[in-house]
$ cat query24.cif   # mmCIF, C-alpha atoms
data_start
#
loop_
_atom_site.label_atom_id
_atom_site.label_comp_id
_atom_site.auth_asym_id
_atom_site.auth_seq_id
_atom_site.Cartn_x
_atom_site.Cartn_y
_atom_site.Cartn_z
CA MET A 994 0.00 0.00 0.00
CA ILE A 995 2.80 2.36 0.95
CA ALA A 996 4.81 1.54 -2.18
CA ARG A 997 1.82 2.02 -4.51
CA ARG A 998 0.95 5.32 -2.90
CA HIS A 999 4.58 6.45 -3.26
CA MET A 1000 4.58 5.43 -6.93
CA GLY A 1001 1.23 7.05 -7.68
CA GLN A 1002 1.61 10.21 -5.64
CA LEU A 1003 5.30 10.94 -6.27
CA GLY A 1004 5.89 9.20 -9.60
CA THR A 1005 8.46 6.74 -8.24
CA PRO A 1006 9.15 4.10 -10.91
CA ARG A 1007 9.65 0.39 -10.23
CA GLU A 1008 13.24 0.86 -11.40
CA ALA A 1009 13.92 2.78 -8.17
CA LEU A 1010 12.69 -0.17 -6.10
CA GLY A 1011 14.81 -2.39 -8.31
CA ALA A 1012 17.94 -0.30 -7.67
CA VAL A 1013 17.67 -1.14 -3.95
CA ALA A 1014 17.35 -4.87 -4.67
CA VAL A 1015 20.17 -4.84 -7.24
CA ALA A 1016 22.55 -3.08 -4.81
CA ALA A 1017 21.74 -5.45 -1.96
CA ARG A 1018 22.16 -8.51 -4.14
CA ARG A 1019 25.42 -7.30 -5.68
CA HIS A 1020 26.87 -6.70 -2.22
CA GLY A 1021 25.42 -9.90 -0.78
CA ALA A 1022 26.96 -11.94 -3.57
CA GLU A 1023 30.38 -10.78 -2.34
CA ASN A 1024 29.64 -11.64 1.29
CA PRO A 1025 30.70 -15.22 2.11
CA ASN A 1026 28.28 -15.24 5.06
CA ALA A 1027 25.24 -14.01 3.13
CA GLN A 1028 22.19 -16.25 2.92
CA LEU A 1029 21.44 -15.30 -0.69
CA ARG A 1030 24.60 -14.94 -2.77
CA LYS A 1031 23.13 -14.37 -6.20
CA ALA A 1032 23.55 -11.07 -8.01
CA LEU A 1033 20.51 -9.58 -9.72
CA THR A 1034 20.41 -7.25 -12.71
CA LEU A 1035 17.82 -4.52 -13.13
CA ASP A 1036 16.53 -6.25 -16.27
CA GLU A 1037 16.07 -9.51 -14.34
CA TYR A 1038 14.28 -7.62 -11.57
CA MET A 1039 11.93 -5.89 -14.02
CA GLY A 1040 11.07 -9.25 -15.56
CA LEU A 1041 10.14 -11.02 -12.32
CA PRO A 1042 6.49 -11.97 -11.84
CA MET A 1043 4.44 -10.04 -9.29
CA MET A 1044 3.64 -11.58 -5.92
CA VAL A 1045 1.62 -8.80 -4.32
CA ALA A 1046 1.89 -6.00 -6.85
CA PRO A 1047 3.74 -3.67 -6.93
CA PHE A 1048 6.11 -6.12 -5.20
CA CYS A 1049 7.79 -9.13 -6.72
CA ARG A 1050 9.66 -11.71 -4.66
CA ASP A 1051 12.92 -9.80 -4.76
CA ASP A 1052 11.41 -6.69 -3.20
CA CYS A 1053 10.93 -8.67 0.01
CA THR A 1054 13.22 -9.57 2.88
CA LEU A 1055 14.65 -13.03 3.30
CA VAL A 1056 13.22 -15.27 5.99
CA SER A 1057 16.09 -16.00 8.34
CA ASP A 1058 16.98 -17.21 11.79
CA GLY A 1059 20.07 -15.79 13.38
CA ALA A 1060 21.54 -13.84 16.23
CA ALA A 1061 23.77 -10.84 16.62
CA ALA A 1062 25.18 -8.80 19.47
CA VAL A 1063 26.78 -5.43 19.91
CA VAL A 1064 28.91 -4.50 22.93
CA VAL A 1065 28.58 -0.88 24.05
CA MET A 1066 30.86 0.82 26.56
CA SER A 1067 32.45 4.19 27.28
CA ALA A 1068 35.50 5.27 25.28
CA ARG A 1069 37.47 5.28 28.51
CA ARG A 1070 36.51 1.71 29.35
CA ALA A 1071 37.33 0.59 25.81
CA SER A 1072 40.74 2.16 26.19
CA GLU A 1073 41.32 0.53 29.58
CA LEU A 1074 40.37 -2.87 28.17
CA GLY A 1075 42.51 -2.38 25.08
CA VAL A 1076 39.56 -2.92 22.71
CA ARG A 1077 40.80 -3.16 19.15
CA LYS A 1078 39.46 -0.34 16.94
CA PRO A 1079 36.54 0.84 19.09
CA VAL A 1080 33.92 2.64 16.99
CA PRO A 1081 32.37 5.80 18.46
CA ILE A 1082 28.65 6.54 18.26
CA LEU A 1083 28.44 10.12 17.02
CA GLY A 1084 24.69 10.51 17.08
CA PHE A 1085 21.41 8.69 17.45
CA GLY A 1086 17.72 9.46 17.28
CA PHE A 1087 14.25 7.95 17.45
CA GLY A 1088 10.85 8.66 16.00
CA GLN A 1089 7.47 7.00 16.32
CA THR A 1090 4.03 7.26 14.81
CA SER A 1091 1.07 5.28 16.09
CA TRP A 1092 -1.08 5.26 12.95
CA GLU A 1093 -1.93 1.87 11.50
CA VAL A 1094 -1.06 1.89 7.79
CA ALA A 1095 -4.58 2.22 6.39
CA GLN A 1096 -5.35 5.11 8.76
CA ARG A 1097 -2.02 6.92 8.32
CA PRO A 1098 -2.77 10.44 7.02
CA ASP A 1099 0.55 10.57 5.11
CA MET A 1100 1.66 7.16 3.86
CA THR A 1101 4.79 8.31 2.08
CA SER A 1102 6.94 9.69 4.86
CA THR A 1103 7.84 8.35 8.28
CA GLN A 1104 9.31 9.44 11.58
CA ALA A 1105 12.67 8.42 10.14
CA LYS A 1106 12.86 12.15 9.44
CA ILE A 1107 12.74 13.03 13.15
CA ALA A 1108 15.11 10.21 14.06
CA ALA A 1109 17.68 11.35 11.50
CA GLU A 1110 17.37 15.06 12.33
CA THR A 1111 18.06 14.23 15.98
CA ALA A 1112 21.06 12.05 15.09
CA PHE A 1113 22.54 14.53 12.59
CA LYS A 1114 22.21 17.38 15.10
CA MET A 1115 23.88 15.35 17.83
CA ALA A 1116 26.73 14.37 15.51
CA GLY A 1117 27.07 17.88 14.05
CA LEU A 1118 26.94 16.31 10.58
CA LYS A 1119 24.79 16.42 7.45
CA PRO A 1120 23.67 13.77 4.94
CA LYS A 1121 26.47 14.81 2.56
CA ASP A 1122 29.00 13.88 5.27
CA MET A 1123 27.94 10.22 5.17
CA ASP A 1124 30.31 7.90 3.27
CA VAL A 1125 28.34 4.68 3.63
CA ALA A 1126 24.83 3.70 4.77
CA GLN A 1127 23.18 0.61 6.24
CA ILE A 1128 19.46 1.15 5.69
CA TYR A 1129 16.75 -1.22 6.93
CA ASP A 1130 15.40 -2.87 3.79
CA CYS A 1131 12.65 -5.27 4.85
CA PHE A 1132 11.09 -4.17 1.55
CA THR A 1133 12.68 -2.08 -1.16
CA ILE A 1134 10.28 0.84 -0.60
CA THR A 1135 11.33 1.03 3.05
CA ALA A 1136 14.93 1.83 2.12
CA LEU A 1137 13.86 4.38 -0.52
CA MET A 1138 11.61 6.25 1.89
CA THR A 1139 14.26 6.20 4.61
CA LEU A 1140 16.82 7.74 2.24
CA GLU A 1141 14.30 10.47 1.42
CA ASP A 1142 13.38 11.09 5.04
CA TYR A 1143 17.10 11.22 5.93
CA GLY A 1144 17.58 14.02 3.40
CA PHE A 1145 19.66 12.21 0.75
CA ALA A 1146 17.05 13.20 -1.85
CA LYS A 1147 13.98 15.39 -1.93
CA LYS A 1148 10.61 13.67 -1.68
CA GLY A 1149 9.77 12.23 -5.05
CA GLN A 1150 13.35 12.49 -6.37
CA ILE A 1151 14.73 9.31 -4.87
CA ALA A 1152 14.71 7.53 -8.25
CA ASP A 1153 17.39 9.91 -9.52
CA PHE A 1154 19.50 9.37 -6.41
CA VAL A 1155 19.54 5.56 -6.49
CA LYS A 1156 19.94 5.02 -10.24
CA GLY A 1157 23.13 4.15 -12.08
CA GLY A 1158 24.74 2.28 -9.21
CA ASN A 1159 24.84 5.35 -6.95
CA ILE A 1160 23.99 3.24 -3.86
CA GLU A 1161 26.35 0.42 -4.86
CA ILE A 1162 30.01 0.05 -3.94
CA GLY A 1163 31.89 2.74 -5.86
CA GLY A 1164 28.83 5.01 -5.92
CA GLU A 1165 28.12 8.21 -4.00
CA LEU A 1166 26.50 6.41 -1.05
CA PRO A 1167 27.19 2.67 -0.96
CA MET A 1168 24.25 1.14 0.91
CA ASN A 1169 23.89 -2.21 2.66
CA THR A 1170 27.43 -3.22 1.81
CA SER A 1171 27.04 -6.72 3.26
CA GLY A 1172 23.71 -7.34 1.50
CA GLY A 1173 21.10 -6.03 3.93
CA LEU A 1174 17.89 -7.86 4.75
CA LEU A 1175 17.35 -8.57 1.05
CA SER A 1176 20.52 -10.61 0.63
CA GLU A 1177 22.66 -11.07 3.76
CA THR A 1178 20.02 -12.12 6.28
CA GLY A 1179 16.45 -11.16 7.08
CA MET A 1180 17.27 -10.68 10.75
CA PRO A 1181 15.66 -7.50 12.02
CA GLY A 1182 18.51 -5.06 11.93
CA MET A 1183 21.45 -5.77 14.20
CA GLN A 1184 23.46 -7.08 11.25
CA LEU A 1185 23.29 -3.56 9.80
CA VAL A 1186 24.96 -2.17 12.93
CA GLN A 1187 27.67 -4.81 12.66
CA GLU A 1188 28.39 -3.96 9.04
CA GLY A 1189 28.52 -0.28 10.01
CA VAL A 1190 31.12 -1.14 12.65
CA ARG A 1191 33.15 -3.16 10.11
CA GLN A 1192 33.08 -0.24 7.67
CA MET A 1193 34.33 2.19 10.33
CA ARG A 1194 37.06 -0.25 11.37
CA GLY A 1195 38.11 -0.80 7.77
CA ASP A 1196 37.34 -4.53 8.10
CA ALA A 1197 34.42 -4.89 5.66
CA THR A 1198 34.53 -7.37 2.79
CA LEU A 1199 33.33 -4.60 0.48
CA GLN A 1200 35.19 -1.79 2.21
CA VAL A 1201 34.27 1.76 1.22
CA LYS A 1202 37.57 3.59 0.79
CA ASN A 1203 38.31 6.27 3.37
CA ALA A 1204 34.84 5.89 4.92
CA LYS A 1205 34.67 8.13 7.99
CA HIS A 1206 30.95 8.25 8.73
CA CYS A 1207 28.26 5.60 8.48
CA ILE A 1208 24.53 6.10 8.96
CA ILE A 1209 22.40 3.15 10.05
CA SER A 1210 18.63 2.81 10.26
CA ASN A 1211 16.22 0.41 11.88
CA GLN A 1212 12.49 0.30 12.30
CA GLY A 1213 9.62 -1.65 13.75
CA GLY A 1214 5.96 -2.32 13.10
CA VAL A 1215 4.95 -1.29 9.60
CA MET A 1216 7.20 1.75 9.51
CA HIS A 1217 5.75 2.78 12.90
CA THR A 1218 8.97 3.15 14.88
CA HIS A 1219 12.29 4.35 13.62
CA ALA A 1220 15.84 4.60 14.94
CA THR A 1221 18.97 6.17 13.47
CA LEU A 1222 22.61 5.66 14.42
CA ILE A 1223 25.63 7.55 13.11
CA LEU A 1224 29.01 5.89 13.60
CA GLY A 1225 32.45 7.47 13.15
CA GLN A 1226 36.07 6.66 13.75
CA MET B 982 -0.52 -36.93 23.60
CA ASN B 983 -3.99 -37.05 22.07
CA ALA B 984 -3.03 -36.58 18.45
CA PRO B 985 -5.98 -37.18 16.18
CA ALA B 986 -5.84 -40.62 14.51
CA THR B 987 -6.36 -39.08 11.08
CA ALA B 988 -3.64 -36.46 11.49
CA LYS B 989 -1.80 -36.29 8.21
CA THR B 990 -1.84 -32.69 7.12
CA SER B 991 -0.67 -33.59 3.61
CA ASP B 992 -3.92 -35.51 3.06
CA LYS B 993 -6.03 -32.54 4.08
CA LYS B 994 -7.29 -30.00 1.64
CA PRO B 995 -6.83 -26.43 2.84
CA ASP B 996 -10.01 -24.96 4.26
CA ALA B 997 -11.34 -22.73 1.51
CA THR B 998 -14.22 -21.42 3.60
CA LEU B 999 -14.19 -17.64 3.66
CA PRO B 1000 -13.23 -16.57 7.18
CA GLY B 1001 -16.05 -14.48 8.61
CA PRO B 1002 -15.67 -11.29 10.62
CA GLU B 1003 -15.45 -11.51 14.41
CA ILE B 1004 -18.61 -9.63 15.24
CA THR B 1005 -18.59 -7.95 18.65
CA PRO B 1006 -21.19 -5.72 20.32
CA ALA B 1007 -19.14 -2.75 19.09
CA THR B 1008 -19.16 -3.87 15.44
CA GLN B 1009 -22.66 -5.45 15.32
CA PRO B 1010 -24.44 -2.29 14.06
CA TYR B 1011 -21.94 -1.94 11.21
CA TRP B 1012 -22.50 -5.52 10.01
CA ASP B 1013 -26.26 -5.29 10.51
CA ALA B 1014 -26.41 -2.18 8.32
CA LEU B 1015 -24.16 -3.72 5.66
CA ARG B 1016 -26.42 -6.78 5.44
CA GLU B 1017 -29.15 -4.33 4.42
CA GLY B 1018 -26.79 -2.79 1.86
CA LYS B 1019 -26.07 0.33 3.90
CA LEU B 1020 -22.57 1.59 4.69
CA THR B 1021 -22.21 3.39 8.01
CA TYR B 1022 -19.39 5.03 9.96
CA GLN B 1023 -18.90 6.37 13.47
CA HIS B 1024 -19.15 10.11 14.13
CA CYS B 1025 -17.74 11.82 17.24
CA HIS B 1026 -20.09 14.43 18.73
CA HIS B 1027 -17.21 15.92 20.67
CA CYS B 1028 -14.55 16.59 17.97
CA LYS B 1029 -16.58 15.81 14.80
CA ASN B 1030 -14.12 13.11 13.71
CA ASN B 1031 -15.47 10.28 11.52
CA TRP B 1032 -13.91 6.83 11.50
CA LEU B 1033 -13.90 3.15 10.75
CA PRO B 1034 -13.42 0.36 11.81
CA ALA B 1035 -15.79 0.35 14.76
CA ARG B 1036 -14.47 1.04 18.22
CA GLY B 1037 -15.69 2.28 21.58
CA GLU B 1038 -13.96 5.66 21.64
CA CYS B 1039 -13.06 8.29 19.09
CA PRO B 1040 -9.49 7.53 17.95
CA LYS B 1041 -8.77 11.26 17.74
CA CYS B 1042 -10.02 12.65 21.08
CA LEU B 1043 -10.82 9.38 22.94
CA GLU B 1044 -14.33 10.58 23.88
CA ALA B 1045 -17.05 7.90 23.86
CA ASP B 1046 -19.75 10.34 22.72
CA TRP B 1047 -20.47 9.17 19.18
CA SER B 1048 -23.18 7.77 16.90
CA TRP B 1049 -23.50 5.70 13.72
CA GLN B 1050 -24.09 7.73 10.56
CA PRO B 1051 -25.05 6.69 7.03
CA ALA B 1052 -22.22 7.17 4.50
CA SER B 1053 -22.84 9.01 1.23
CA GLY B 1054 -21.03 6.17 -0.57
CA LYS B 1055 -18.55 8.56 -2.17
CA ALA B 1056 -14.90 7.76 -1.60
CA ARG B 1057 -11.41 8.12 -3.05
CA LEU B 1058 -8.70 5.52 -3.59
CA ILE B 1059 -5.80 5.98 -1.16
CA SER B 1060 -3.82 2.96 -2.35
CA TRP B 1061 -4.11 -0.66 -3.43
CA VAL B 1062 -2.19 -3.87 -3.96
CA VAL B 1063 -2.88 -6.79 -6.29
CA PHE B 1064 -2.44 -10.30 -4.91
CA HIS B 1065 -1.00 -12.81 -7.36
CA ARG B 1066 -0.79 -15.42 -4.61
CA ALA B 1067 -3.80 -16.08 -2.42
CA PHE B 1068 -3.54 -14.77 1.14
CA HIS B 1069 -6.12 -17.42 2.13
CA PRO B 1070 -7.28 -20.57 0.28
CA ALA B 1071 -10.77 -19.03 0.03
CA PHE B 1072 -9.34 -16.40 -2.33
CA ALA B 1073 -7.43 -18.82 -4.60
CA ASP B 1074 -10.04 -18.80 -7.37
CA ARG B 1075 -10.16 -14.99 -7.40
CA LEU B 1076 -6.52 -14.46 -8.37
CA PRO B 1077 -5.40 -11.90 -9.19
CA TYR B 1078 -7.50 -9.82 -6.80
CA ASN B 1079 -7.00 -6.35 -5.38
CA VAL B 1080 -7.12 -5.08 -1.80
CA ALA B 1081 -7.53 -1.34 -1.44
CA VAL B 1082 -7.54 1.39 1.18
CA VAL B 1083 -10.27 3.93 0.50
CA GLU B 1084 -11.25 7.13 2.28
CA LEU B 1085 -14.94 7.93 2.46
CA ALA B 1086 -15.99 11.49 1.58
CA GLU B 1087 -16.79 11.84 5.29
CA GLY B 1088 -13.16 11.02 6.19
CA ALA B 1089 -13.36 7.47 7.56
CA ARG B 1090 -10.95 5.00 5.98
CA MET B 1091 -11.50 1.33 5.30
CA ILE B 1092 -9.92 -1.68 3.62
CA THR B 1093 -11.94 -3.10 0.74
CA ASN B 1094 -11.81 -4.31 -2.88
CA VAL B 1095 -12.34 -2.23 -6.00
CA ILE B 1096 -14.53 -3.89 -8.62
CA ILE B 1097 -12.54 -3.51 -11.83
CA ASP B 1098 -11.45 -5.74 -14.72
CA ASP B 1099 -7.92 -4.40 -15.04
CA PRO B 1100 -6.34 -3.05 -11.83
CA GLU B 1101 -3.57 -1.52 -13.97
CA THR B 1102 -6.08 1.21 -14.83
CA LEU B 1103 -6.54 2.27 -11.19
CA VAL B 1104 -5.16 5.68 -10.24
CA ILE B 1105 -4.21 7.05 -6.81
CA ASP B 1106 -6.94 9.35 -5.38
CA GLN B 1107 -9.48 8.42 -8.07
CA PRO B 1108 -13.13 8.81 -7.02
CA LEU B 1109 -15.03 5.65 -6.12
CA THR B 1110 -18.59 4.67 -5.25
CA PHE B 1111 -19.79 2.18 -2.64
CA VAL B 1112 -21.22 -1.10 -3.94
CA PRO B 1113 -23.00 -3.38 -1.44
CA ALA B 1114 -22.18 -7.06 -1.78
CA ASN B 1115 -22.88 -10.32 0.01
CA GLU B 1116 -20.42 -13.10 0.85
CA GLN B 1117 -21.69 -16.25 2.54
CA GLY B 1118 -24.40 -14.36 4.40
CA TYR B 1119 -22.29 -11.37 5.40
CA GLY B 1120 -22.85 -7.91 4.01
CA ILE B 1121 -19.61 -6.67 2.39
CA ALA B 1122 -18.63 -3.17 1.31
CA ARG B 1123 -16.93 -2.92 -2.05
CA PHE B 1124 -16.29 0.04 -4.33
CA LYS B 1125 -16.23 0.76 -8.06
CA PRO B 1126 -14.82 3.66 -10.04
CA ALA B 1127 -17.23 6.61 -9.87
#
$ encode --input "query24.cif" --output "C-alpha cells"
Amino acid sequence: MIARRHMGQLGTPREALGAVAVAARRHGAENPNAQLRKALTLDEYMGLPMMVAPFCRDDCTLVSDGAAAVVVMSARRASELGVRKPVPILGFGFGQTSWEVAQRPDMTSTQAKIAAETAFKMAGLKPKDMDVAQIYDCFTITALMTLEDYGFAKKGQIADFVKGGNIEIGGELPMNTSGGLLSETGMPGMQLVQEGVRQMRGDATLQVKNAKHCIISNQGGVMHTHATLILGQ
Amino acid sequence: MNAPATAKTSDKKPDATLPGPEITPATQPYWDALREGKLTYQHCHHCKNNWLPARGECPKCLEADWSWQPASGKARLISWVVFHRAFHPAFADRLPYNVAVVELAEGARMITNVIIDDPETLVIDQPLTFVPANEQGYGIARFKPA
C-alpha cells in the first residue's frame, strides 16, 4: 500500500525499487556469510512476476533465523580494556508514529525524518557527510523512503538518487554493503549495525575507501517506529 | 498426547471457507447495516471526527460520545495492492485480486476491494462509489470507479 501510494503520488518508478534490490544482491553476492549470494540485474528484476503488486519476490526480505550482538561501553573503558578499533557513536535518534497503515494520514513519509534530524544534530553532521549507509530494507520501498526522510534526496526524487549504481560500492552512497535484509540475512537489523562497525574499522569485505561516517537505520511495526545511528572513527 | 488418529496434514485440503468477521457488540451495528446494503461510519459528537473500523472511543479525542451515521457512498482511492498469490485458500479462485484502502468522503478510511477488470487502470486518489455485496451471508462493502 505504501509503495503504490509512493509510486502514484510521487511518480516513483519500479526501477527505483529495483535499484535497492540490485545493490543489496550485488553486495550480498560478495559476502561469504550471506544467505542469498546471487547477483541480480535490473533487467532480471523488471522481468520477475508479481507476488503482491507492486512487489515481486525480490522486493521482500529473506526469511532467516540468526543472532547478533553489539557491545557498548564508554570510550574510557574501551581504552582501559585495550579494545581493538573501538567505533564511536556520534549521534542517534528515534521517531514513532502510532497510525496503523490504512489510517495513516501521510503514507509516504515516516518518523525516520525526526530520528535522523536528531542524530545529525547530535553528531554535528549532514547527509552529505555520510560515506556509507546501512538502511533497513525489509522491503525495497522502506529503504527508498528512509533515504528520502534522511535528506539524501527530496521527496519524489529518490529515483534519480539511487539510479546508475549510486547506492552500490563505488557510488556516492554505498548502501547495505554486506547485502542487507534482502541478501545477507532477514534478521531485524542488528546485522546492519555490525556492518557499520566493520566499515568504520576498515574490516568490511566490500570496504568503502576512506569511509569516515556511516549512517544506520532500523524500524519496527509497519514503519511505525524508527531509529537512526551515526558511527564514526 | 492425544493426536488425532487421522492427522496427516498432507492428506487434508486447505479450508477454503471464507473466514467471517469476528462480530462484537461494538461492530454489530456496522455488520447489521451492511447486510441491508447500507454503509455506516462512526461520528464523534465531541470533535466531529469520523472513523472506521468500529471502536468504543473516538481515535482522535478518545471521547465515547459518538453515533453511527449513514455514508454518502462517495470515496477516493488511497492505495491498493494486487495479490497474485492467495492470502487465504478461500481467495485462490479470485486471483489476481486487489485489496484497497479507501477514504470515504466523510473522512473514515476502510480496507476493501475495487470492482474492476484491469487493476492496472486504477489511479491514486481516483473517485469511487460504494457497492453493497454479500459473501456467505455477510454484508460486504466494495467500491467501483465513480
$ residues_near_point --input "query24.cif" --point "(12.7, 3.6, 10.3)" --cutoff "8 Å" --atoms "only C-alpha atoms" --output "PyMOL selection string"
chain A and resi 1088+1103-1105+1108+1129+1135+1139+1210-1213+1216-1221
$ resolve_selection --input "query24.cif" --expression "the PyMOL selection byres ((chain A) within 10 of (chain B))" --output "JSON, numbers by chain"
{"A": [994, 995, 996, 997, 998, 999, 1000, 1001, 1002, 1042, 1043, 1044, 1045, 1046, 1047, 1048, 1049, 1094, 1095, 1096, 1097, 1098, 1100]}
$ residues_near_point --input "query24.cif" --point "(27.7, 9.8, 12.2)" --cutoff "6 Å" --atoms "only C-alpha atoms" --output "VMD selection string"
chain A and resid 1083 to 1084 1116 1206 to 1208 1223 to 1225
$ residues_around --input "query24.cif" --residues "Asn1203 (chain A)" --least-positions-apart "6" --cutoff "10 Å" --atoms "all atoms listed in the file" --output "ChimeraX atom specification"
/A:1124,1192-1193,1195
$ residues_around --input "query24.cif" --residues "Thr1111 (chain A)" --least-positions-apart "4" --cutoff "8 Å" --atoms "only C-alpha atoms" --output "tab-separated table (two decimals) with C-alpha atoms, in the frame of the given file"
chain	number	residue	atom	x	y	z
A	1084	GLY	CA	24.69	10.51	17.08
A	1085	PHE	CA	21.41	8.69	17.45
A	1086	GLY	CA	17.72	9.46	17.28
A	1087	PHE	CA	14.25	7.95	17.45
A	1107	ILE	CA	12.74	13.03	13.15
A	1115	MET	CA	23.88	15.35	17.83
$ resolve_selection --input "query24.cif" --expression "the PyMOL selection byres ((chain B and resi 998) around 12)" --output "PyMOL selection string"
chain B and resi 994-997+999-1001+1069-1073+1116-1117
$ write_last_selection --input "query24.cif" --atoms "C-alpha atoms" --output "mmCIF file, keeping the file's coordinate frame"
data_model
loop_
_atom_site.group_PDB
_atom_site.id
_atom_site.type_symbol
_atom_site.label_atom_id
_atom_site.label_comp_id
_atom_site.auth_asym_id
_atom_site.auth_seq_id
_atom_site.Cartn_x
_atom_site.Cartn_y
_atom_site.Cartn_z
ATOM 1 C CA LYS B 994 -7.290 -30.000 1.640
ATOM 2 C CA PRO B 995 -6.830 -26.430 2.840
ATOM 3 C CA ASP B 996 -10.010 -24.960 4.260
ATOM 4 C CA ALA B 997 -11.340 -22.730 1.510
ATOM 5 C CA LEU B 999 -14.190 -17.640 3.660
ATOM 6 C CA PRO B 1000 -13.230 -16.570 7.180
ATOM 7 C CA GLY B 1001 -16.050 -14.480 8.610
ATOM 8 C CA HIS B 1069 -6.120 -17.420 2.130
ATOM 9 C CA PRO B 1070 -7.280 -20.570 0.280
ATOM 10 C CA ALA B 1071 -10.770 -19.030 0.030
ATOM 11 C CA PHE B 1072 -9.340 -16.400 -2.330
ATOM 12 C CA ALA B 1073 -7.430 -18.820 -4.600
ATOM 13 C CA GLU B 1116 -20.420 -13.100 0.850
ATOM 14 C CA GLN B 1117 -21.690 -16.250 2.540
#
$ axis_aligned_box --input "query24.cif" --around "region 1022-1039 of chain A" --padding-each-side "6 Å" --output "JSON"
{"center_x": 21.3, "center_y": -10.4, "center_z": -5.6, "size_x": 30.8, "size_y": 23.7, "size_z": 33.3}
$ resolve_selection --input "query24.cif" --expression "the PyMOL selection byres ((chain A and resi 1197) around 12)" --output "ChimeraX atom specification"
/A:1020,1023-1025,1125,1162,1169-1172,1185,1187-1196,1198-1202,1204
$ write_last_selection --input "query24.cif" --atoms "C-alpha atoms" --output "CSV table (one decimal), in the frame of the given file"
chain,number,residue,atom,x,y,z
A,1020,HIS,CA,26.9,-6.7,-2.2
A,1023,GLU,CA,30.4,-10.8,-2.3
A,1024,ASN,CA,29.6,-11.6,1.3
A,1025,PRO,CA,30.7,-15.2,2.1
A,1125,VAL,CA,28.3,4.7,3.6
A,1162,ILE,CA,30.0,0.0,-3.9
A,1169,ASN,CA,23.9,-2.2,2.7
A,1170,THR,CA,27.4,-3.2,1.8
A,1171,SER,CA,27.0,-6.7,3.3
A,1172,GLY,CA,23.7,-7.3,1.5
A,1185,LEU,CA,23.3,-3.6,9.8
A,1187,GLN,CA,27.7,-4.8,12.7
A,1188,GLU,CA,28.4,-4.0,9.0
A,1189,GLY,CA,28.5,-0.3,10.0
A,1190,VAL,CA,31.1,-1.1,12.6
A,1191,ARG,CA,33.2,-3.2,10.1
A,1192,GLN,CA,33.1,-0.2,7.7
A,1193,MET,CA,34.3,2.2,10.3
A,1194,ARG,CA,37.1,-0.2,11.4
A,1195,GLY,CA,38.1,-0.8,7.8
A,1196,ASP,CA,37.3,-4.5,8.1
A,1198,THR,CA,34.5,-7.4,2.8
A,1199,LEU,CA,33.3,-4.6,0.5
A,1200,GLN,CA,35.2,-1.8,2.2
A,1201,VAL,CA,34.3,1.8,1.2
A,1202,LYS,CA,37.6,3.6,0.8
A,1204,ALA,CA,34.8,5.9,4.9
$ atom_distance --input "query24.cif" --atom1 "CA of Lys1106 (chain A)" --atom2 "CA of Pro1040 (chain B)"
24.4 Å
$ residues_around --input "query24.cif" --residues "Gly1054 (chain B)" --least-positions-apart "2" --cutoff "7 Å" --atoms "all atoms listed in the file" --output "list in words"
Ala1052, Ala1056, Thr1110 and Phe1111 of chain B
$ build_atoms --input "query24.cif" --residues "region 1112-1125 of chain A" --atoms "N, CA and C atoms" --output "mmCIF file, in the coordinates of the input"
data_model
loop_
_atom_site.group_PDB
_atom_site.id
_atom_site.type_symbol
_atom_site.label_atom_id
_atom_site.label_comp_id
_atom_site.auth_asym_id
_atom_site.auth_seq_id
_atom_site.Cartn_x
_atom_site.Cartn_y
_atom_site.Cartn_z
ATOM 1 N N ALA A 1112 19.717 12.655 15.168
ATOM 2 C CA ALA A 1112 21.060 12.050 15.090
ATOM 3 C C ALA A 1112 22.060 12.983 14.411
ATOM 4 N N PHE A 1113 21.643 13.609 13.307
ATOM 5 C CA PHE A 1113 22.540 14.530 12.590
ATOM 6 C C PHE A 1113 22.925 15.714 13.487
ATOM 7 N N LYS A 1114 21.950 16.240 14.228
ATOM 8 C CA LYS A 1114 22.210 17.380 15.100
ATOM 9 C C LYS A 1114 23.207 16.997 16.184
ATOM 10 N N MET A 1115 22.990 15.815 16.773
ATOM 11 C CA MET A 1115 23.880 15.350 17.830
ATOM 12 C C MET A 1115 25.311 15.170 17.313
ATOM 13 N N ALA A 1116 25.408 14.661 16.087
ATOM 14 C CA ALA A 1116 26.730 14.370 15.510
ATOM 15 C C ALA A 1116 27.367 15.632 14.912
ATOM 16 N N GLY A 1117 26.559 16.674 14.703
ATOM 17 C CA GLY A 1117 27.070 17.880 14.050
ATOM 18 C C GLY A 1117 27.414 17.604 12.589
ATOM 19 N N LEU A 1118 26.658 16.712 11.965
ATOM 20 C CA LEU A 1118 26.940 16.310 10.580
ATOM 21 C C LEU A 1118 25.687 16.440 9.731
ATOM 22 N N LYS A 1119 25.889 16.324 8.410
ATOM 23 C CA LYS A 1119 24.790 16.420 7.450
ATOM 24 C C LYS A 1119 24.803 15.175 6.567
ATOM 25 N N PRO A 1120 23.703 14.949 5.830
ATOM 26 C CA PRO A 1120 23.670 13.770 4.940
ATOM 27 C C PRO A 1120 24.894 13.697 4.015
ATOM 28 N N LYS A 1121 25.342 14.841 3.517
ATOM 29 C CA LYS A 1121 26.470 14.810 2.560
ATOM 30 C C LYS A 1121 27.774 14.349 3.232
ATOM 31 N N ASP A 1122 27.800 14.348 4.557
ATOM 32 C CA ASP A 1122 29.000 13.880 5.270
ATOM 33 C C ASP A 1122 29.059 12.358 5.386
ATOM 34 N N MET A 1123 27.977 11.675 5.026
ATOM 35 C CA MET A 1123 27.940 10.220 5.170
ATOM 36 C C MET A 1123 28.669 9.559 3.997
ATOM 37 N N ASP A 1124 29.534 8.605 4.304
ATOM 38 C CA ASP A 1124 30.310 7.900 3.270
ATOM 39 C C ASP A 1124 29.700 6.560 2.913
ATOM 40 N N VAL A 1125 28.907 6.010 3.822
ATOM 41 C CA VAL A 1125 28.340 4.680 3.630
ATOM 42 C C VAL A 1125 27.067 4.611 4.481
#
